[in-house]
Amino acid sequence: MVYRRTHQVVKRLAARRSAILTAARHAAAEAGMAAVQIAPIAVRANVAAGTVYRYFPSKADLISELIAEVSRDELAAIRRAADAAPGPSSALAAAVTTVAVHVLSQRKLAWGILAEPVDVDVTASRLASRREIAGEIAIRIDAAVRAGHLPAQDTTIAATALLGALHESLVGPLAPENVEDPIKLREAVQTVTLLALRAVGVMDARARGLVVQAVLPARALLGA
């Protein structure tokens, strides 16, 4: 007789997997990807180390899935913000603003996903994360181009350049300090959003108006 998992068993397994990933996310947010180690994560998740290995056969698998999960959350937030905007230009502004807020809200986690050295190979997950988010920004640039709000351009290159500028300016080695303060965080987000809009061809006065009108999303929660 073939064993079939009951609904309760499936829910329990999913909850345990989620608890492990949540523990890994909190550890990375507090101390970077170096803190994502099987034994400490098991303690945080209140499971045995062997249980972690049943869900994630290696540390590379755990970190790769963590990167994928955080990226899915960020991508969903970008789409919600852009879809709620009244037009294609404001949608682009909303998308850029959302990326900036997510990065600034959890800088150690963002750096860990982006470029922090780790002792396992997670290159594929990192590339997939960047590709998905850059692709969403490209969609928003393309919509603004088709609406006649932006000049014709290679939207893929433009989106990649914007994402690179956001990451370098907000979490790279030269990123500003003390942006935990709400006023400084808002200023940083508005500065990079204005830069991004100007870079793709929004006239300065219009760009400033879009930045002022953009609704900053609530600071990203680790459990989002």
# chains A, B, ... in the order shown; residues from 1 in each chain; ligands from 1
call {"tool": "closest_atom_pairs", "arguments": {"of": "stretch 156-193 of chain A", "to": "stretch 91-95 of chain A", "cutoff": "12 Å", "atoms": "only C-alpha atoms", "output": "JSON lines"}}
result
{"residue": "A:Ala159", "atom": "CA", "partner": "A:Leu92", "partner_atom": "CA", "distance": 10.4}
{"residue": "A:Leu162", "atom": "CA", "partner": "A:Ala95", "partner_atom": "CA", "distance": 11.1}
{"residue": "A:Leu163", "atom": "CA", "partner": "A:Ala95", "partner_atom": "CA", "distance": 10.7}
{"residue": "A:Leu166", "atom": "CA", "partner": "A:Ala95", "partner_atom": "CA", "distance": 11.7}
{"residue": "A:Val189", "atom": "CA", "partner": "A:Ala93", "partner_atom": "CA", "distance": 10.6}
{"residue": "A:Gln190", "atom": "CA", "partner": "A:Ala93", "partner_atom": "CA", "distance": 9.6}
{"residue": "A:Thr191", "atom": "CA", "partner": "A:Ala93", "partner_atom": "CA", "distance": 11.6}
{"residue": "A:Val192", "atom": "CA", "partner": "A:Ala93", "partner_atom": "CA", "distance": 10.2}
{"residue": "A:Thr193", "atom": "CA", "partner": "A:Ala93", "partner_atom": "CA", "distance": 6.5}
call {"tool": "residues_around", "arguments": {"residues": "A:Ala165", "least_positions_apart": "4", "cutoff": "9 Å", "atoms": "only C-alpha atoms", "output": "ChimeraX atom specification"}}
result
/A:160-161,169-170,192,196
call {"tool": "closest_residue", "arguments": {"among": "A:Thr98, A:Asn178, A:Gln37, A:Ser89", "to": "A:Val200", "atoms": "only C-alpha atoms"}}
result
A:Ser89
call {"tool": "closest_residue", "arguments": {"among": "A:Ile133, A:Val179, A:Val96, A:Ala124", "to": "A:Val211", "atoms": "only C-alpha atoms"}}
result
A:Val96
call {"tool": "atom_distance", "arguments": {"atom1": "atom CA of A:Leu150", "atom2": "atom CA of A:Val99"}}
result
20.6 Å
call {"tool": "residues_around", "arguments": {"residues": "stretch 58-73 of chain A", "least_positions_apart": "4", "cutoff": "7 Å", "atoms": "only C-alpha atoms", "output": "PyMOL selection string"}}
result
chain A and resi 21+25+37-38+53+77+113+120-122+125-126+129+224
call {"tool": "write_last_selection", "arguments": {"atoms": "N, CA and C atoms", "output": "PDB file, in the first residue's frame"}}
result
ATOM      1  N   LEU A  21      14.410  28.130   7.444  1.00  0.00           N
ATOM      2  CA  LEU A  21      14.763  29.262   6.575  1.00  0.00           C
ATOM      3  C   LEU A  21      14.654  30.589   7.318  1.00  0.00           C
ATOM      4  N   ARG A  25      17.584  33.256   7.877  1.00  0.00           N
ATOM      5  CA  ARG A  25      17.435  34.657   7.467  1.00  0.00           C
ATOM      6  C   ARG A  25      17.804  35.596   8.607  1.00  0.00           C
ATOM      7  N   GLN A  37      25.295  28.603   9.585  1.00  0.00           N
ATOM      8  CA  GLN A  37      25.932  27.304   9.797  1.00  0.00           C
ATOM      9  C   GLN A  37      24.871  26.336  10.298  1.00  0.00           C
ATOM     10  N   ILE A  38      24.989  25.092   9.903  1.00  0.00           N
ATOM     11  CA  ILE A  38      23.921  24.121  10.169  1.00  0.00           C
ATOM     12  C   ILE A  38      23.577  24.002  11.655  1.00  0.00           C
ATOM     13  N   TYR A  53      19.500  18.825   7.748  1.00  0.00           N
ATOM     14  CA  TYR A  53      20.082  18.126   6.592  1.00  0.00           C
ATOM     15  C   TYR A  53      19.028  17.366   5.783  1.00  0.00           C
ATOM     16  N   ALA A  77       7.367  42.327  -3.527  1.00  0.00           N
ATOM     17  CA  ALA A  77       7.169  43.684  -3.012  1.00  0.00           C
ATOM     18  C   ALA A  77       7.336  44.719  -4.123  1.00  0.00           C
ATOM     19  N   ILE A 113      23.581  38.291   0.282  1.00  0.00           N
ATOM     20  CA  ILE A 113      22.978  37.769  -0.934  1.00  0.00           C
ATOM     21  C   ILE A 113      23.749  38.225  -2.166  1.00  0.00           C
ATOM     22  N   VAL A 120      31.038  28.234   0.313  1.00  0.00           N
ATOM     23  CA  VAL A 120      30.353  27.286  -0.564  1.00  0.00           C
ATOM     24  C   VAL A 120      29.941  28.029  -1.833  1.00  0.00           C
ATOM     25  N   ASP A 121      29.673  27.297  -2.875  1.00  0.00           N
ATOM     26  CA  ASP A 121      29.336  27.921  -4.158  1.00  0.00           C
ATOM     27  C   ASP A 121      27.833  28.188  -4.246  1.00  0.00           C
ATOM     28  N   VAL A 122      27.480  29.463  -4.232  1.00  0.00           N
ATOM     29  CA  VAL A 122      26.076  29.865  -4.376  1.00  0.00           C
ATOM     30  C   VAL A 122      25.931  30.835  -5.556  1.00  0.00           C
ATOM     31  N   SER A 125      22.516  30.838  -7.522  1.00  0.00           N
ATOM     32  CA  SER A 125      21.412  31.492  -6.824  1.00  0.00           C
ATOM     33  C   SER A 125      21.569  33.006  -6.837  1.00  0.00           C
ATOM     34  N   ARG A 126      22.781  33.477  -6.665  1.00  0.00           N
ATOM     35  CA  ARG A 126      23.017  34.913  -6.693  1.00  0.00           C
ATOM     36  C   ARG A 126      22.703  35.499  -8.065  1.00  0.00           C
ATOM     37  N   SER A 129      18.957  35.593  -8.625  1.00  0.00           N
ATOM     38  CA  SER A 129      18.350  36.685  -7.860  1.00  0.00           C
ATOM     39  C   SER A 129      18.493  38.012  -8.589  1.00  0.00           C
ATOM     40  N   ALA A 224       9.114  38.742   6.363  1.00  0.00           N
ATOM     41  CA  ALA A 224       8.177  39.035   5.278  1.00  0.00           C
ATOM     42  C   ALA A 224       8.093  37.887   4.303  1.00  0.00           C
TER      43      ALA A 224
END
call {"tool": "residues_around", "arguments": {"residues": "A:Leu185", "least_positions_apart": "3", "cutoff": "12 Å", "atoms": "only C-alpha atoms", "output": "MDAnalysis selection string"}}
result
chainID A and resid 97 100:107 170 176:182 188:192 216:219
call {"tool": "write_last_selection", "arguments": {"atoms": "N, CA and C atoms", "output": "mmCIF file, in the first residue's frame"}}
result
data_model
loop_
_atom_site.group_PDB
_atom_site.id
_atom_site.type_symbol
_atom_site.label_atom_id
_atom_site.label_comp_id
_atom_site.auth_asym_id
_atom_site.auth_seq_id
_atom_site.Cartn_x
_atom_site.Cartn_y
_atom_site.Cartn_z
ATOM 1 N N THR A 97 12.377 52.602 -5.686
ATOM 2 C CA THR A 97 12.240 52.940 -4.271
ATOM 3 C C THR A 97 12.149 51.687 -3.406
ATOM 4 N N ALA A 100 15.492 49.987 -3.030
ATOM 5 C CA ALA A 100 16.333 50.749 -2.108
ATOM 6 C C ALA A 100 15.936 50.524 -0.662
ATOM 7 N N VAL A 101 14.641 50.541 -0.383
ATOM 8 C CA VAL A 101 14.184 50.345 0.997
ATOM 9 C C VAL A 101 14.523 48.946 1.488
ATOM 10 N N HIS A 102 14.324 47.944 0.651
ATOM 11 C CA HIS A 102 14.652 46.578 1.047
ATOM 12 C C HIS A 102 16.131 46.432 1.354
ATOM 13 N N VAL A 103 16.966 47.017 0.515
ATOM 14 C CA VAL A 103 18.409 46.925 0.720
ATOM 15 C C VAL A 103 18.812 47.614 2.016
ATOM 16 N N LEU A 104 18.307 48.816 2.234
ATOM 17 C CA LEU A 104 18.688 49.580 3.418
ATOM 18 C C LEU A 104 18.104 49.020 4.704
ATOM 19 N N SER A 105 16.996 48.310 4.600
ATOM 20 C CA SER A 105 16.343 47.762 5.794
ATOM 21 C C SER A 105 17.080 46.557 6.358
ATOM 22 N N GLN A 106 17.850 45.892 5.528
ATOM 23 C CA GLN A 106 18.556 44.679 5.956
ATOM 24 C C GLN A 106 19.879 44.579 5.196
ATOM 25 N N ARG A 107 20.773 45.503 5.533
ATOM 26 C CA ARG A 107 21.991 45.662 4.744
ATOM 27 C C ARG A 107 22.915 44.444 4.799
ATOM 28 N N LEU A 170 24.327 51.649 -1.905
ATOM 29 C CA LEU A 170 23.608 51.433 -0.650
ATOM 30 C C LEU A 170 24.185 50.335 0.236
ATOM 31 N N PRO A 176 26.923 54.738 2.455
ATOM 32 C CA PRO A 176 26.897 55.650 3.611
ATOM 33 C C PRO A 176 26.582 54.918 4.904
ATOM 34 N N GLU A 177 27.021 55.501 5.996
ATOM 35 C CA GLU A 177 26.738 54.937 7.317
ATOM 36 C C GLU A 177 25.513 55.623 7.921
ATOM 37 N N ASN A 178 25.043 55.047 9.015
ATOM 38 C CA ASN A 178 23.986 55.662 9.832
ATOM 39 C C ASN A 178 22.692 55.937 9.073
ATOM 40 N N VAL A 179 22.328 55.060 8.134
ATOM 41 C CA VAL A 179 21.055 55.251 7.443
ATOM 42 C C VAL A 179 19.907 54.560 8.183
ATOM 43 N N GLU A 180 20.194 54.082 9.395
ATOM 44 C CA GLU A 180 19.113 53.518 10.204
ATOM 45 C C GLU A 180 18.137 54.613 10.632
ATOM 46 N N ASP A 181 18.627 55.836 10.734
ATOM 47 C CA ASP A 181 17.762 56.957 11.065
ATOM 48 C C ASP A 181 16.731 57.137 9.955
ATOM 49 N N PRO A 182 15.438 57.218 10.288
ATOM 50 C CA PRO A 182 14.385 57.306 9.268
ATOM 51 C C PRO A 182 14.563 58.462 8.291
ATOM 52 N N ALA A 188 18.394 58.959 1.521
ATOM 53 C CA ALA A 188 19.194 58.052 0.694
ATOM 54 C C ALA A 188 18.337 57.424 -0.404
ATOM 55 N N VAL A 189 17.136 56.986 -0.029
ATOM 56 C CA VAL A 189 16.226 56.371 -1.005
ATOM 57 C C VAL A 189 15.846 57.377 -2.082
ATOM 58 N N GLN A 190 15.515 58.584 -1.693
ATOM 59 C CA GLN A 190 15.125 59.594 -2.669
ATOM 60 C C GLN A 190 16.288 59.982 -3.577
ATOM 61 N N THR A 191 17.495 60.019 -3.029
ATOM 62 C CA THR A 191 18.665 60.362 -3.836
ATOM 63 C C THR A 191 18.915 59.332 -4.928
ATOM 64 N N VAL A 192 18.892 58.044 -4.560
ATOM 65 C CA VAL A 192 19.175 57.020 -5.564
ATOM 66 C C VAL A 192 18.026 56.877 -6.553
ATOM 67 N N LEU A 216 7.094 55.547 0.053
ATOM 68 C CA LEU A 216 8.104 54.613 0.556
ATOM 69 C C LEU A 216 7.417 53.441 1.229
ATOM 70 N N PRO A 217 7.722 52.236 0.804
ATOM 71 C CA PRO A 217 7.124 51.072 1.478
ATOM 72 C C PRO A 217 7.616 50.972 2.897
ATOM 73 N N ALA A 218 6.854 50.270 3.719
ATOM 74 C CA ALA A 218 7.290 50.037 5.091
ATOM 75 C C ALA A 218 8.616 49.291 5.050
ATOM 76 N N ARG A 219 9.477 49.583 6.005
ATOM 77 C CA ARG A 219 10.775 48.919 6.037
ATOM 78 C C ARG A 219 10.583 47.414 6.058
#
